[in-house]
Amino acid sequence: MKILVLNCGSSSLKVGVFEIAEKATEIFKASYEQFEAEGCTYKITKDGKTETGEAPLGDIAAVLVSLPHILAGYRITQLEAVGHRIVHGGENFRTTAVLDDPTIVAIEALTPLAPLHNPANLLAVRIAKQVWPNLPQVAVFDTAFHSTNPPRATTYAVPKAWRDAGLRRFGFHGTSHKYVAIRAAEEIGEPLRDLQIVSVHLGNGASVCAVNRGESIDTSMGMTPLEGLVMGTRSGDVDPGLFGFLSRQLGLSVDKVEAALYSESGLKGLTGSSDMRDVEDRASRGDANAQLAIEMFAYRVRKYIGAYAAAMGGLDAVVFTGGIGENSPSMRRRICDGLEFMGLRLDHDRNQCVELANHAAPQIQAYGARVRVIVTETAEQLMIARETAAALAPKATVPEPIPVAVSARHVHLSRPAVEALFGAGYHLTPAAPLRQPGQWAASERITLEGPKGRLERVAILGPERPRTQIEISRTDGFALGIDAPVRDSGKLDGTPTVRLIGPFGSLNTDGLIVAARHIHTNSDDAGRLGLADGMLVDVHIGDEERGLVFGKTLIRVGANAVTEMHIDTDEANAADIRVTGEGSLVADLRAVAVANRD
Ligand code: ADP
């Protein structure tokens, strides 16, 4: 599938053409900028050759209208779809969207949230619709990857009326953070779902993202791309009290202050230059302002890395990208130095000799360091092309219903735990077989105790396991007073501790989780349903009235497993189903397969 990607800003246009097969390959790349009445500058790369020059195209619209002709000149024809970068997707666009008329109207309505960016993005959409009326067009939103941020990360502690008006944190650079996290997982050779990654995008705009087991859980940009790190011309975090101070002391209006925070602050405000190369040169020649700017820039990034390691409760890798992250070994070193205490240590030679051609993602941590440090070019256009292809892939509907079982809170106990709770040499009594072969519910029960309260008569499922695992619902977590993370079964490192109380004794053990929803299946059923181990699918459960689609349901293929989806009691209540029910796969299976292969 040949996909045209348009990334249209207020003053520049980036164009990419990708061939999407087993892998996505960029076959044409262009950028147009420095627009003036008589023309603009361009840079075009095709077949490994780059040419630059000036074109008599006075604005972005003129370039867009000429694109078919320009592409044909490079023998690029037969496009099959257009993918657009759209900066702001607001609350509602949590994933990619096919650009039909209502979608365009909905994006237009988000203009107050991104007054510079969304209108520029939509200009490209409108013109592309005229130029290629028969091609499907897809919006890929910068905010979408962060739609998994929980309310505690997205909510500002401000009056309700403001929040009701739409004030909240969204985050940006999502396509970049998603791409580099996927690329880092590939490089590490472990599923993204098992990794805790801090993605550090340092360009003219800069942001950090906590990618916890594949999902963004927090990011440094907020309601607007102004919050967070020190940037080229943006301040990043400031005390909002400055509005009052500057109004009283300097008589500055809100608009003036806001404009200066966007365009006259950051590196530019500190040094006069927004360009890090410049700032580094000046600092090395002894310019004290440039030295302070560099220290502030690095310090702010380091604080966010520490904060996000704490937010995730662990850290496997830090990934640097963006013009500064990719190209400045001294900035990477300043950021990482001093983080040895959390297992993050650079290899200075590797840091110095980073080579990034061909989507390389070199690891630059010191030998034996627990946390990996990776550098990679961001590839937002490539990601947009992949997501566009995924959004347009034919929907595979599987008519066959999948049985759904509701798992109430329960524990799996290890041998030492059984002995601590029931006495030395004790063996649990199988009372009722479960549908999964070889598994049973025991007649014994135990109590769970947390700082807030107890859950009595909790079921024990056998047989014993090497490690104790306690599965509760989010609601149970509030009853206990412990915030349990959502985890796949068996992924227990760094999970909270809870007290188990039995008739003989008690013990404190980690292993407390909210089990991630999943579908057990065997290879025969999986083959028939078009599923594979590790895939994530969407499943519709419940009736017309209260039914819900449960996204990101993990497929677990086991030799003798009976096909059955497991959800917890909160999920079942939300979809209004009781102990058992049926679900149907609604996933776009090809798209999901592509996403997982990434
Ligand atoms: P954008 O956010 O506009 O895409 P980029 O990702 O291209 O920006 O990053 C631009 C920033 O990267 C500039 O501050 C530039 O000075 C910086 N940069 C590029 N190359 C280097 C380098 N070799 N050393 C330090 N900074 C660099």
# chains A, B, ... in the order shown; residues from 1 in each chain; ligands from 1
$ residues_near_ligand --ligand "ligand 1" --cutoff "6 Å" --atoms "only C-alpha atoms and all ligand atoms" --output "PDB file with C-alpha atoms, in the first residue's frame"
ATOM      1  CA  GLY A 203      13.841  19.278  19.598  1.00  0.00           C
ATOM      2  CA  ASN A 204      12.738  22.885  19.292  1.00  0.00           C
ATOM      3  CA  GLY A 205       9.701  21.667  21.159  1.00  0.00           C
ATOM      4  CA  ASP A 275      19.227  26.970  18.682  1.00  0.00           C
ATOM      5  CA  MET A 276      21.000  24.501  20.947  1.00  0.00           C
ATOM      6  CA  ARG A 277      24.062  24.289  18.677  1.00  0.00           C
ATOM      7  CA  GLY A 322      14.711  14.934  18.531  1.00  0.00           C
ATOM      8  CA  GLY A 323      17.437  17.203  17.151  1.00  0.00           C
ATOM      9  CA  ILE A 324      19.101  17.721  20.539  1.00  0.00           C
ATOM     10  CA  ASN A 327      22.838  14.987  18.134  1.00  0.00           C
ATOM     11  CA  SER A 328      24.154  16.362  21.388  1.00  0.00           C
TER      12      SER A 328
END
$ residues_around --residues "Gly171 in chain A" --least-positions-apart "5" --cutoff "7 Å" --atoms "only C-alpha atoms" --output "VMD selection string"
chain A and resid 143 146 219 to 223
$ write_last_selection --atoms "all heavy atoms" --output "compact mmCIF listing (two decimals), in the first residue's frame"
# COMPACT_ATOMS: atom_id res chain seq x y z
N THR A 143 -1.99 13.92 20.14
CA THR A 143 -2.46 13.75 21.51
C THR A 143 -2.91 12.31 21.80
O THR A 143 -3.02 11.93 22.96
CB THR A 143 -3.68 14.67 21.75
OG1 THR A 143 -4.55 14.54 20.62
CG2 THR A 143 -3.26 16.11 21.91
N HIS A 146 -1.44 9.76 24.30
CA HIS A 146 -1.55 10.09 25.73
C HIS A 146 -2.97 9.91 26.26
O HIS A 146 -3.24 10.24 27.41
CB HIS A 146 -1.10 11.54 25.96
CG HIS A 146 0.28 11.81 25.45
ND1 HIS A 146 1.39 11.12 25.88
CD2 HIS A 146 0.73 12.70 24.53
CE1 HIS A 146 2.46 11.57 25.24
NE2 HIS A 146 2.09 12.51 24.42
N THR A 219 2.96 12.73 30.70
CA THR A 219 3.85 13.40 29.76
C THR A 219 3.98 14.85 30.17
O THR A 219 3.10 15.39 30.84
CB THR A 219 3.33 13.22 28.31
OG1 THR A 219 4.33 13.72 27.42
CG2 THR A 219 2.02 13.94 28.07
N SER A 220 5.10 15.48 29.79
CA SER A 220 5.41 16.77 30.41
C SER A 220 4.65 17.95 29.79
O SER A 220 4.48 18.96 30.43
CB SER A 220 6.91 17.03 30.35
OG SER A 220 7.37 16.99 29.02
N MET A 221 4.21 17.83 28.51
CA MET A 221 3.39 18.90 27.97
C MET A 221 1.96 18.72 28.49
O MET A 221 1.54 17.60 28.78
CB MET A 221 3.41 18.89 26.44
CG MET A 221 4.71 19.42 25.87
SD MET A 221 4.71 19.32 24.07
CE MET A 221 6.18 20.23 23.68
N GLY A 222 1.22 19.81 28.58
CA GLY A 222 -0.07 19.70 29.26
C GLY A 222 -1.24 20.07 28.38
O GLY A 222 -1.48 19.48 27.33
N MET A 223 -2.00 21.05 28.86
CA MET A 223 -3.13 21.60 28.09
C MET A 223 -2.63 22.10 26.73
O MET A 223 -3.29 21.94 25.71
CB MET A 223 -3.66 22.78 28.91
CG MET A 223 -4.56 23.71 28.19
SD MET A 223 -6.21 23.07 28.35
CE MET A 223 -7.10 24.19 27.31
$ atom_distance --atom1 "CA of Glu187 in chain A" --atom2 "CA of Phe320 in chain A"
13.5 Å
$ residues_around --residues "Leu110 in chain A" --least-positions-apart "5" --cutoff "8 Å" --atoms "only C-alpha atoms" --output "list of chain:residue names"
A:His88, A:Gly89, A:Gly90, A:Asn118
$ residues_around --residues "Arg152 in chain A" --least-positions-apart "3" --cutoff "12 Å" --atoms "only C-alpha atoms" --output "PyMOL selection string"
chain A and resi 148-149+155-157+168-169+217-218+311
$ atom_distance --atom1 "CA of Leu529 in chain A" --atom2 "CA of Gly490 in chain A"
25.3 Å
$ select_by_dssp --residues "range 176-364 of chain A" --states "strand (DSSP E)" --output "short mmCIF file (atom, residue, chain, number, x, y, z; two decimals) with C-alpha atoms, in the first residue's frame"
data_model
loop_
_atom_site.label_atom_id
_atom_site.label_comp_id
_atom_site.auth_asym_id
_atom_site.auth_seq_id
_atom_site.Cartn_x
_atom_site.Cartn_y
_atom_site.Cartn_z
CA GLN A 196 8.96 0.75 31.54
CA ILE A 197 10.41 3.44 29.29
CA VAL A 198 10.99 7.17 29.60
CA SER A 199 10.97 8.71 26.14
CA VAL A 200 12.81 12.04 25.93
CA HIS A 201 12.06 14.09 22.79
CA LEU A 202 14.36 17.12 22.67
CA ALA A 206 10.60 19.17 23.86
CA SER A 207 8.75 16.72 26.05
CA VAL A 208 9.20 13.63 28.18
CA CYS A 209 6.78 10.73 28.33
CA ALA A 210 6.41 7.87 30.80
CA VAL A 211 5.60 4.81 28.66
CA ASN A 212 4.55 2.20 31.17
CA GLU A 215 0.96 2.96 27.45
CA SER A 216 1.66 6.62 28.03
CA ILE A 217 0.79 7.29 31.65
CA ASP A 218 2.13 10.83 31.91
CA THR A 219 3.85 13.40 29.76
CA ALA A 317 15.16 2.31 29.45
CA VAL A 318 15.55 5.99 28.65
CA VAL A 319 15.28 6.83 24.96
CA PHE A 320 16.60 10.08 23.50
CA THR A 321 15.27 11.55 20.26
#
$ closest_residue --among "A:Ala459, A:Ile104, A:Ala561, A:Ala389" --to "Pro437 in chain A" --atoms "only C-alpha atoms"
A:Ala561
$ residues_around --residues "Leu448 in chain A" --least-positions-apart "6" --cutoff "6 Å" --atoms "only C-alpha atoms" --output "list in words"
Arg454, Leu455, Arg499 and Leu500 of chain A
$ select_by_dssp --residues "range 256-492 of chain A" --states "helix (DSSP H, G or I)" --output "number ranges by chain"
A: 256-263, 266-271, 276-284, 288-312, 322-327, 329-336, 340-342, 348-352, 357-359, 380-392, 415-422, 474-480
$ closest_residue --among "A:Val539, A:Ile577, A:Ala124, A:Ile305" --to "Ile335 in chain A" --atoms "only C-alpha atoms"
A:Ile305
$ closest_residue --among "A:Leu226, A:Ile460, A:Ala385, A:Ala309" --to "Thr175 in chain A" --atoms "only C-alpha atoms"
A:Ala385
$ residues_around --residues "range 515-520 of chain A" --least-positions-apart "2" --cutoff "9 Å" --atoms "only C-alpha atoms" --output "VMD selection string"
chain A and resid 402 404 436 470 to 473 485 to 489 513 522 536 550 552 to 558 561 to 568 571
$ write_last_selection --atoms "C-alpha atoms" --output "PDB file, in the first residue's frame"
ATOM      1  CA  ILE A 402     -16.220 -15.970  22.795  1.00  0.00           C
ATOM      2  CA  VAL A 404     -16.631 -14.533  28.916  1.00  0.00           C
ATOM      3  CA  GLN A 436      -9.126 -24.146  32.258  1.00  0.00           C
ATOM      4  CA  ILE A 470      -3.310 -11.676  44.365  1.00  0.00           C
ATOM      5  CA  GLU A 471      -5.871 -10.473  41.813  1.00  0.00           C
ATOM      6  CA  ILE A 472      -8.323  -7.780  42.837  1.00  0.00           C
ATOM      7  CA  SER A 473     -10.500  -5.213  41.095  1.00  0.00           C
ATOM      8  CA  PRO A 485      -1.248  -1.822  39.011  1.00  0.00           C
ATOM      9  CA  VAL A 486      -2.903  -3.452  35.998  1.00  0.00           C
ATOM     10  CA  ARG A 487      -0.622  -6.341  35.046  1.00  0.00           C
ATOM     11  CA  ASP A 488      -0.571  -9.484  32.974  1.00  0.00           C
ATOM     12  CA  SER A 489      -0.591 -12.623  35.076  1.00  0.00           C
ATOM     13  CA  ILE A 513      -2.417  -6.747  40.835  1.00  0.00           C
ATOM     14  CA  ASN A 522      -5.507 -22.861  22.206  1.00  0.00           C
ATOM     15  CA  LEU A 536      -4.212  -7.337  21.497  1.00  0.00           C
ATOM     16  CA  PHE A 550     -13.071  -3.720  25.809  1.00  0.00           C
ATOM     17  CA  LYS A 552      -6.388  -4.083  24.367  1.00  0.00           C
ATOM     18  CA  THR A 553      -7.428  -7.561  25.404  1.00  0.00           C
ATOM     19  CA  LEU A 554      -4.386  -9.812  25.445  1.00  0.00           C
ATOM     20  CA  ILE A 555      -4.483 -13.141  23.610  1.00  0.00           C
ATOM     21  CA  ARG A 556      -2.787 -15.940  25.547  1.00  0.00           C
ATOM     22  CA  VAL A 557      -2.403 -19.137  23.573  1.00  0.00           C
ATOM     23  CA  GLY A 558      -1.780 -22.201  25.745  1.00  0.00           C
ATOM     24  CA  ALA A 561      -6.423 -23.853  27.119  1.00  0.00           C
ATOM     25  CA  VAL A 562     -10.172 -23.540  26.670  1.00  0.00           C
ATOM     26  CA  THR A 563     -11.120 -20.404  24.760  1.00  0.00           C
ATOM     27  CA  GLU A 564     -12.497 -17.983  27.304  1.00  0.00           C
ATOM     28  CA  MET A 565     -12.145 -14.286  28.059  1.00  0.00           C
ATOM     29  CA  HIS A 566     -11.480 -13.215  31.642  1.00  0.00           C
ATOM     30  CA  ILE A 567     -12.550  -9.840  32.954  1.00  0.00           C
ATOM     31  CA  ASP A 568     -12.830  -8.633  36.528  1.00  0.00           C
ATOM     32  CA  GLU A 571     -15.371  -4.564  34.043  1.00  0.00           C
TER      33      GLU A 571
END
$ decode --residues "range 440-477 of chain A" --atoms "N, CA and C atoms" --output "CSV table (one decimal), in the first residue's frame"
chain,number,residue,atom,x,y,z
A,440,TRP,N,-8.4,-25.3,39.6
A,440,TRP,CA,-9.5,-25.5,40.5
A,440,TRP,C,-9.6,-24.4,41.6
A,441,ALA,N,-10.8,-24.3,42.1
A,441,ALA,CA,-11.0,-23.4,43.3
A,441,ALA,C,-10.9,-24.3,44.5
A,442,ALA,N,-10.2,-23.8,45.5
A,442,ALA,CA,-10.0,-24.6,46.8
A,442,ALA,C,-11.1,-24.3,47.7
A,443,SER,N,-11.3,-25.2,48.7
A,443,SER,CA,-12.4,-25.0,49.6
A,443,SER,C,-12.0,-24.0,50.7
A,444,GLU,N,-10.7,-23.8,50.9
A,444,GLU,CA,-10.2,-22.8,51.9
A,444,GLU,C,-10.4,-21.4,51.4
A,445,ARG,N,-10.4,-20.5,52.3
A,445,ARG,CA,-10.5,-19.1,52.0
A,445,ARG,C,-9.5,-18.3,52.9
A,446,ILE,N,-9.1,-17.1,52.4
A,446,ILE,CA,-8.3,-16.3,53.3
A,446,ILE,C,-8.8,-14.9,53.3
A,447,THR,N,-8.1,-14.1,54.1
A,447,THR,CA,-8.5,-12.6,54.2
A,447,THR,C,-7.3,-11.8,53.7
A,448,LEU,N,-7.7,-10.7,53.0
A,448,LEU,CA,-6.7,-9.8,52.6
A,448,LEU,C,-6.8,-8.5,53.5
A,449,GLU,N,-5.7,-8.0,53.8
A,449,GLU,CA,-5.7,-6.8,54.7
A,449,GLU,C,-4.8,-5.7,54.1
A,450,GLY,N,-5.3,-4.5,54.0
A,450,GLY,CA,-4.5,-3.3,53.6
A,450,GLY,C,-4.7,-2.2,54.6
A,451,PRO,N,-4.0,-1.1,54.4
A,451,PRO,CA,-4.1,0.0,55.4
A,451,PRO,C,-5.5,0.6,55.6
A,452,LYS,N,-6.4,0.4,54.6
A,452,LYS,CA,-7.7,0.9,54.7
A,452,LYS,C,-8.8,-0.1,55.2
A,453,GLY,N,-8.6,-1.3,54.9
A,453,GLY,CA,-9.6,-2.3,55.3
A,453,GLY,C,-9.3,-3.7,54.9
A,454,ARG,N,-10.2,-4.6,55.1
A,454,ARG,CA,-10.0,-6.0,54.8
A,454,ARG,C,-11.0,-6.5,53.8
A,455,LEU,N,-10.6,-7.5,53.1
A,455,LEU,CA,-11.5,-8.3,52.2
A,455,LEU,C,-11.5,-9.7,52.7
A,456,GLU,N,-12.7,-10.2,53.2
A,456,GLU,CA,-12.8,-11.5,53.8
A,456,GLU,C,-13.2,-12.6,52.8
A,457,ARG,N,-12.9,-13.8,53.2
A,457,ARG,CA,-13.3,-15.0,52.4
A,457,ARG,C,-12.9,-14.9,50.9
A,458,VAL,N,-11.7,-14.6,50.7
A,458,VAL,CA,-11.2,-14.5,49.3
A,458,VAL,C,-10.8,-15.9,48.8
A,459,ALA,N,-11.2,-16.2,47.6
A,459,ALA,CA,-11.0,-17.5,47.0
A,459,ALA,C,-9.6,-17.8,46.7
A,460,ILE,N,-9.2,-19.0,46.8
A,460,ILE,CA,-7.8,-19.5,46.5
A,460,ILE,C,-8.0,-20.4,45.3
A,461,LEU,N,-7.2,-20.1,44.2
A,461,LEU,CA,-7.2,-21.0,43.0
A,461,LEU,C,-6.0,-21.8,43.0
A,462,GLY,N,-6.1,-23.1,42.7
A,462,GLY,CA,-5.0,-24.0,42.6
A,462,GLY,C,-4.7,-24.4,41.2
A,463,PRO,N,-3.7,-25.1,40.9
A,463,PRO,CA,-2.7,-25.5,41.8
A,463,PRO,C,-1.7,-24.4,42.3
A,464,GLU,N,-0.8,-24.8,43.2
A,464,GLU,CA,0.1,-23.8,43.7
A,464,GLU,C,1.0,-23.3,42.6
A,465,ARG,N,1.5,-22.1,42.8
A,465,ARG,CA,2.4,-21.5,41.7
A,465,ARG,C,3.7,-21.1,42.4
A,466,PRO,N,4.7,-20.9,41.5
A,466,PRO,CA,6.0,-20.6,42.1
A,466,PRO,C,6.0,-19.2,42.9
A,467,ARG,N,5.1,-18.3,42.5
A,467,ARG,CA,5.0,-17.0,43.1
A,467,ARG,C,3.6,-16.7,43.5
A,468,THR,N,3.4,-16.1,44.7
A,468,THR,CA,2.0,-15.7,45.1
A,468,THR,C,1.5,-14.5,44.3
A,469,GLN,N,0.3,-14.6,43.8
A,469,GLN,CA,-0.3,-13.6,43.0
A,469,GLN,C,-1.7,-13.3,43.6
A,470,ILE,N,-2.0,-12.0,43.8
A,470,ILE,CA,-3.3,-11.7,44.4
A,470,ILE,C,-4.0,-10.8,43.4
A,471,GLU,N,-5.2,-11.2,42.9
A,471,GLU,CA,-5.9,-10.5,41.8
A,471,GLU,C,-7.1,-9.8,42.4
A,472,ILE,N,-7.2,-8.5,42.3
A,472,ILE,CA,-8.3,-7.8,42.8
A,472,ILE,C,-8.8,-6.8,41.8
A,473,SER,N,-10.0,-6.2,42.0
A,473,SER,CA,-10.5,-5.2,41.1
A,473,SER,C,-10.0,-3.8,41.6
A,474,ARG,N,-10.2,-2.9,40.7
A,474,ARG,CA,-9.8,-1.5,41.1
A,474,ARG,C,-10.6,-1.1,42.4
A,475,THR,N,-11.9,-1.4,42.4
A,475,THR,CA,-12.7,-1.1,43.6
A,475,THR,C,-12.2,-1.8,44.8
A,476,ASP,N,-11.8,-3.0,44.7
A,476,ASP,CA,-11.2,-3.7,45.9
A,476,ASP,C,-9.9,-2.9,46.4
A,477,GLY,N,-9.2,-2.4,45.4
A,477,GLY,CA,-8.0,-1.6,45.8
A,477,GLY,C,-8.3,-0.5,46.7
